[in-house]
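S.K.: There's a structure below that I have some questions on.
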Amino acid sequence: METKVVKEALPLNLEGNSSKAVLIIHGFTGYTGEFYPLARKLNELGYTVSLPRLPGHGTNRKDFMTTGWRDWLLHVEDCYRDLSALYEDVSLVGLSMGGVLALILASRYSPRRTVLLAPAMAVRNRLFYLTPFLGRLIGPLKKNWEPEPDASEDRKILGQEYWTVDIPRQAAHLRKLQKIAQKEMKAVKSPLLLLLSETDESVPLEAGRVIKAGLDASCPLMEVRLKNSHHVLITGEEKEDVLQMTADWLEERN
């Protein structure tokens with residue numbers, strides 16, 4: 001199979017008109033297209049936006065299974081370094097695994113502000129924590145996924161490749177990133193906005209407790225709990241609120 005990037009999963013880079021930049025990081029088996037509205041909203045506020053496609057994402061399952069935590073982390077680190085070489089004011093936004101990656105970056109670098117959207121620092125399915133072991137024994141497991149009535153053809157392709165299976169071996173790479181973030185996040189100094197949903201089917205509210213326990217007490221943190229959003233907060237029922245809260249947080253100057 002020839003590896004091709006699905007159009008809606010292409011990276012997006014938007015040039016702003018100020019010294020402000022933001023790196024947006026999508027989630028595990030996610031794709032960039034979900035973030036296009038946020039990227040454009042922030043660009044209208046003057047931000048240069050970097051929205052990369054994580055290695056192995058937005059193509060096909062075989063490609064995904066050849067990548068892992070090192071590839072994902074090194075890629076976003078390179079993207080952050082590129083931005084910080086050109087812009088004085090760089091912030092981070094990350095969803096799910098992207099939130100875990102954003103936490104690691106915030107611990108290693110000096111972003112001005114960071115937004116964590118349903119960061120996968122805890123996972124509702126308890127079998128997830130066994131994936132470092134299960135991943136060596138079990139291959140992909142089929143699961144039910146049905147496209148939404150208004151799903152685009154690109155989304156249907158991505159769904160068939162990424163969302164109709166659970167892959168313990170790949171989930172073990174997310175578990176590794178969790179452990180790195182838990183070890184390093186004490187060094188985070190930049191203000192954090194944490195958005196979680198009470199109805200998130202993947203990341204429980206426990207993720208907030210994990211983050212609070214791991215941060216230094218001096219790290220500024222604001223937590224907001226949504227009532228009716230599914231895991232991908234930026235496409236859920238409260239998406240407009242999520243977009244506005246993200247923009248407002250990044251725009252605060254203190």
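Just so we're on the same page: first chain in the structure tokens is A, next is B, and so on; residues restart at 1 for each chain, and ligands are numbered from 1 in the order they show up.
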Write out as an MDAnalysis selection string which residues come within 8 Å of Val165 of chain A when counting only C-alpha atoms, dropping same-chain ones fewer than 2 positions away.
M.R.: chainID A and resid 140:144 162:163 167
S.K.: Okay, now the selection with C-alpha atoms, as a compact mmCIF listing (two decimals), in the first residue's frame?
M.R.:
```
# COMPACT_ATOMS: atom_id res chain seq x y z
CA PRO A 140 -4.93 -5.10 16.98
CA LEU A 141 -8.37 -5.66 18.50
CA LYS A 142 -11.49 -4.82 16.51
CA LYS A 143 -13.92 -2.30 17.93
CA ASN A 144 -17.06 -0.60 16.72
CA TYR A 162 -7.44 4.21 13.04
CA TRP A 163 -10.73 3.99 14.96
CA ILE A 167 -3.71 -1.45 19.20
```
S.K.: Mind checking DSSP for segment 52-178 of chain A and telling me the strand (DSSP E or B) residues as an mmCIF file with N, CA, C and O atoms, in the first residue's frame?
M.R.:
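The result, stored in selection-v8.cif:
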```cif
data_model
loop_
_atom_site.group_PDB
_atom_site.id
_atom_site.type_symbol
_atom_site.label_atom_id
_atom_site.label_comp_id
_atom_site.auth_asym_id
_atom_site.auth_seq_id
_atom_site.Cartn_x
_atom_site.Cartn_y
_atom_site.Cartn_z
ATOM 1 N N ASP A 89 7.315 35.028 21.575
ATOM 2 C CA ASP A 89 6.192 34.621 22.420
ATOM 3 C C ASP A 89 5.586 33.345 21.842
ATOM 4 O O ASP A 89 4.814 33.394 20.886
ATOM 5 N N VAL A 90 5.976 32.179 22.385
ATOM 6 C CA VAL A 90 5.479 30.895 21.879
ATOM 7 C C VAL A 90 4.652 30.211 22.962
ATOM 8 O O VAL A 90 5.090 30.072 24.103
ATOM 9 N N SER A 91 3.444 29.787 22.599
ATOM 10 C CA SER A 91 2.567 29.067 23.511
ATOM 11 C C SER A 91 2.258 27.690 22.939
ATOM 12 O O SER A 91 2.586 27.379 21.783
ATOM 13 N N LEU A 92 1.618 26.854 23.765
ATOM 14 C CA LEU A 92 1.315 25.473 23.398
ATOM 15 C C LEU A 92 -0.160 25.169 23.607
ATOM 16 O O LEU A 92 -0.767 25.642 24.570
ATOM 17 N N VAL A 93 -0.723 24.361 22.710
ATOM 18 C CA VAL A 93 -2.062 23.793 22.891
ATOM 19 C C VAL A 93 -1.963 22.321 22.536
ATOM 20 O O VAL A 93 -1.413 21.968 21.488
ATOM 21 N N GLY A 94 -2.473 21.445 23.409
ATOM 22 C CA GLY A 94 -2.433 20.021 23.107
ATOM 23 C C GLY A 94 -3.693 19.320 23.554
ATOM 24 O O GLY A 94 -4.233 19.602 24.628
ATOM 25 N N LEU A 95 -4.173 18.392 22.723
ATOM 26 C CA LEU A 95 -5.360 17.591 23.033
ATOM 27 C C LEU A 95 -4.961 16.151 23.291
ATOM 28 O O LEU A 95 -4.203 15.559 22.503
ATOM 29 N N THR A 114 0.263 27.597 28.250
ATOM 30 C CA THR A 114 -0.034 26.258 27.739
ATOM 31 C C THR A 114 -1.500 25.932 28.016
ATOM 32 O O THR A 114 -2.004 26.196 29.103
ATOM 33 N N VAL A 115 -2.157 25.346 27.007
ATOM 34 C CA VAL A 115 -3.545 24.897 27.142
ATOM 35 C C VAL A 115 -3.574 23.387 26.976
ATOM 36 O O VAL A 115 -3.108 22.852 25.957
ATOM 37 N N LEU A 116 -4.114 22.698 27.963
ATOM 38 C CA LEU A 116 -4.239 21.245 27.943
ATOM 39 C C LEU A 116 -5.711 20.880 27.789
ATOM 40 O O LEU A 116 -6.521 21.142 28.683
ATOM 41 N N LEU A 117 -6.060 20.287 26.661
ATOM 42 C CA LEU A 117 -7.439 19.903 26.364
ATOM 43 C C LEU A 117 -7.582 18.398 26.575
ATOM 44 O O LEU A 117 -7.005 17.601 25.827
ATOM 45 N N LEU A 141 -7.078 -5.130 18.084
ATOM 46 C CA LEU A 141 -8.367 -5.664 18.500
ATOM 47 C C LEU A 141 -9.483 -4.854 17.847
ATOM 48 O O LEU A 141 -9.509 -3.624 17.954
ATOM 49 N N LYS A 142 -10.406 -5.521 17.201
ATOM 50 C CA LYS A 142 -11.486 -4.822 16.513
ATOM 51 C C LYS A 142 -12.407 -4.141 17.516
ATOM 52 O O LYS A 142 -12.650 -4.649 18.607
ATOM 53 N N VAL A 165 -10.067 -0.181 15.424
ATOM 54 C CA VAL A 165 -9.226 -1.120 16.173
ATOM 55 C C VAL A 165 -8.624 -0.419 17.385
ATOM 56 O O VAL A 165 -8.432 0.797 17.396
ATOM 57 N N ASP A 166 -8.337 -1.212 18.406
ATOM 58 C CA ASP A 166 -7.441 -0.797 19.482
ATOM 59 C C ASP A 166 -6.129 -1.543 19.275
ATOM 60 O O ASP A 166 -6.142 -2.751 18.972
#
```
S.K.: Give the helix (DSSP H, G or I) residues of segment 49-238 of chain A, as assigned by DSSP on the backbone, as a PyMOL selection string.
M.R.: chain A and resi 61-64+69-86+97-108+126-134+153-163+168-187+206-214+233-235
S.K.: If you count only C-alpha atoms, which residues fall within 9 Å of segment 48-65 of chain A, apart from same-chain ones fewer than 3 positions away, as a ChimeraX atom specification?
M.R.: /A:1,3-32,35-36,39-40,42-43,68,71-73,75-76,79-80,83,87,157-158,160-162,167,169-170
S.K.: Here is a test: counting only C-alpha atoms, which residue of A:Ala187, A:Leu45, A:Arg175, A:Leu86 is nearest to Asp248 of chain A?
M.R.: A:Leu45
S.K.: Which polymer residues have any atom within 12 Å of an atom of Ala217 of chain A, counting only C-alpha atoms, with same-chain residues fewer than 2 positions away left out, as an NGL selection string?
M.R.: :A and (185-189 or 191 or 211-215 or 219-221)
S.K.: Only all heavy atoms, please: the residues just picked out, written as a JSON list (two decimals), in the first residue's frame.
M.R.:
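Output saved as part-v4.json:
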```
[["chain", "number", "residue", "atom", "x", "y", "z"],
["A", 185, "MET", "N", 7.11, 16.96, 34.88],
["A", 185, "MET", "CA", 6.24, 18.14, 34.92],
["A", 185, "MET", "C", 6.44, 19.03, 36.14],
["A", 185, "MET", "O", 5.94, 20.15, 36.16],
["A", 185, "MET", "CB", 4.78, 17.76, 34.76],
["A", 185, "MET", "CG", 4.18, 16.98, 35.88],
["A", 185, "MET", "SD", 2.39, 16.80, 35.61],
["A", 185, "MET", "CE", 2.14, 15.14, 36.19],
["A", 186, "LYS", "N", 7.17, 18.57, 37.13],
["A", 186, "LYS", "CA", 7.50, 19.42, 38.26],
["A", 186, "LYS", "C", 8.26, 20.68, 37.81],
["A", 186, "LYS", "O", 8.21, 21.71, 38.48],
["A", 186, "LYS", "CB", 8.35, 18.64, 39.26],
["A", 186, "LYS", "CG", 8.63, 19.37, 40.57],
["A", 186, "LYS", "CD", 7.40, 19.48, 41.45],
["A", 186, "LYS", "CE", 7.05, 18.16, 42.11],
["A", 186, "LYS", "NZ", 5.91, 18.29, 43.06],
["A", 187, "ALA", "N", 8.90, 20.59, 36.64],
["A", 187, "ALA", "CA", 9.69, 21.71, 36.12],
["A", 187, "ALA", "C", 8.85, 22.73, 35.36],
["A", 187, "ALA", "O", 9.37, 23.77, 34.94],
["A", 187, "ALA", "CB", 10.81, 21.19, 35.22],
["A", 188, "VAL", "N", 7.56, 22.47, 35.15],
["A", 188, "VAL", "CA", 6.71, 23.40, 34.40],
["A", 188, "VAL", "C", 6.54, 24.69, 35.20],
["A", 188, "VAL", "O", 6.18, 24.66, 36.38],
["A", 188, "VAL", "CB", 5.33, 22.78, 34.10],
["A", 188, "VAL", "CG1", 4.43, 23.81, 33.41],
["A", 188, "VAL", "CG2", 5.49, 21.53, 33.24],
["A", 189, "LYS", "N", 6.78, 25.82, 34.55],
["A", 189, "LYS", "CA", 6.65, 27.13, 35.20],
["A", 189, "LYS", "C", 5.58, 28.00, 34.56],
["A", 189, "LYS", "O", 5.03, 28.90, 35.20],
["A", 189, "LYS", "CB", 7.98, 27.87, 35.16],
["A", 189, "LYS", "CG", 9.14, 27.13, 35.83],
["A", 189, "LYS", "CD", 8.87, 26.86, 37.30],
["A", 189, "LYS", "CE", 10.05, 26.16, 37.96],
["A", 189, "LYS", "NZ", 9.74, 25.75, 39.36],
["A", 191, "PRO", "N", 2.05, 29.36, 32.93],
["A", 191, "PRO", "CA", 0.65, 29.17, 33.32],
["A", 191, "PRO", "C", -0.05, 28.12, 32.46],
["A", 191, "PRO", "O", 0.14, 28.07, 31.24],
["A", 191, "PRO", "CB", 0.04, 30.56, 33.11],
["A", 191, "PRO", "CG", 1.20, 31.50, 33.18],
["A", 191, "PRO", "CD", 2.35, 30.76, 32.58],
["A", 211, "ILE", "N", -2.29, 15.70, 37.32],
["A", 211, "ILE", "CA", -1.51, 16.88, 36.94],
["A", 211, "ILE", "C", -1.25, 17.78, 38.15],
["A", 211, "ILE", "O", -0.12, 18.23, 38.39],
["A", 211, "ILE", "CB", -2.22, 17.64, 35.81],
["A", 211, "ILE", "CG1", -2.16, 16.82, 34.52],
["A", 211, "ILE", "CG2", -1.60, 19.03, 35.60],
["A", 211, "ILE", "CD1", -3.01, 17.35, 33.40],
["A", 212, "LYS", "N", -2.27, 18.02, 38.94],
["A", 212, "LYS", "CA", -2.09, 18.86, 40.13],
["A", 212, "LYS", "C", -1.06, 18.28, 41.08],
["A", 212, "LYS", "O", -0.24, 19.00, 41.68],
["A", 212, "LYS", "CB", -3.42, 19.05, 40.84],
["A", 212, "LYS", "CG", -4.41, 19.92, 40.09],
["A", 212, "LYS", "CD", -5.75, 19.94, 40.82],
["A", 212, "LYS", "CE", -6.82, 20.69, 40.04],
["A", 212, "LYS", "NZ", -8.14, 20.63, 40.70],
["A", 213, "ALA", "N", -1.07, 16.96, 41.24],
["A", 213, "ALA", "CA", -0.13, 16.31, 42.15],
["A", 213, "ALA", "C", 1.29, 16.38, 41.63],
["A", 213, "ALA", "O", 2.25, 16.40, 42.42],
["A", 213, "ALA", "CB", -0.54, 14.85, 42.36],
["A", 214, "GLY", "N", 1.45, 16.44, 40.30],
["A", 214, "GLY", "CA", 2.78, 16.42, 39.72],
["A", 214, "GLY", "C", 3.42, 17.78, 39.54],
["A", 214, "GLY", "O", 4.65, 17.88, 39.43],
["A", 215, "LEU", "N", 2.61, 18.83, 39.49],
["A", 215, "LEU", "CA", 3.13, 20.18, 39.27],
["A", 215, "LEU", "C", 3.73, 20.75, 40.56],
["A", 215, "LEU", "O", 3.32, 20.40, 41.66],
["A", 215, "LEU", "CB", 2.02, 21.11, 38.80],
["A", 215, "LEU", "CG", 1.45, 20.88, 37.40],
["A", 215, "LEU", "CD1", 0.25, 21.79, 37.19],
["A", 215, "LEU", "CD2", 2.50, 21.12, 36.32],
["A", 219, "CYS", "N", 3.36, 26.69, 40.18],
["A", 219, "CYS", "CA", 2.92, 26.76, 38.78],
["A", 219, "CYS", "C", 1.47, 27.22, 38.70],
["A", 219, "CYS", "O", 0.58, 26.56, 39.25],
["A", 219, "CYS", "CB", 3.07, 25.40, 38.11],
["A", 219, "CYS", "SG", 2.57, 25.39, 36.37],
["A", 220, "PRO", "N", 1.19, 28.32, 38.01],
["A", 220, "PRO", "CA", -0.20, 28.80, 37.89],
["A", 220, "PRO", "C", -1.05, 27.81, 37.08],
["A", 220, "PRO", "O", -0.67, 27.41, 35.98],
["A", 220, "PRO", "CB", -0.05, 30.14, 37.15],
["A", 220, "PRO", "CG", 1.38, 30.51, 37.29],
["A", 220, "PRO", "CD", 2.14, 29.24, 37.36],
["A", 221, "LEU", "N", -2.19, 27.43, 37.63],
["A", 221, "LEU", "CA", -3.06, 26.45, 36.98],
["A", 221, "LEU", "C", -4.51, 26.87, 37.13],
["A", 221, "LEU", "O", -4.97, 27.16, 38.24],
["A", 221, "LEU", "CB", -2.87, 25.06, 37.59],
["A", 221, "LEU", "CG", -3.85, 23.97, 37.14],
["A", 221, "LEU", "CD1", -3.65, 23.63, 35.67],
["A", 221, "LEU", "CD2", -3.70, 22.72, 38.01]]
```
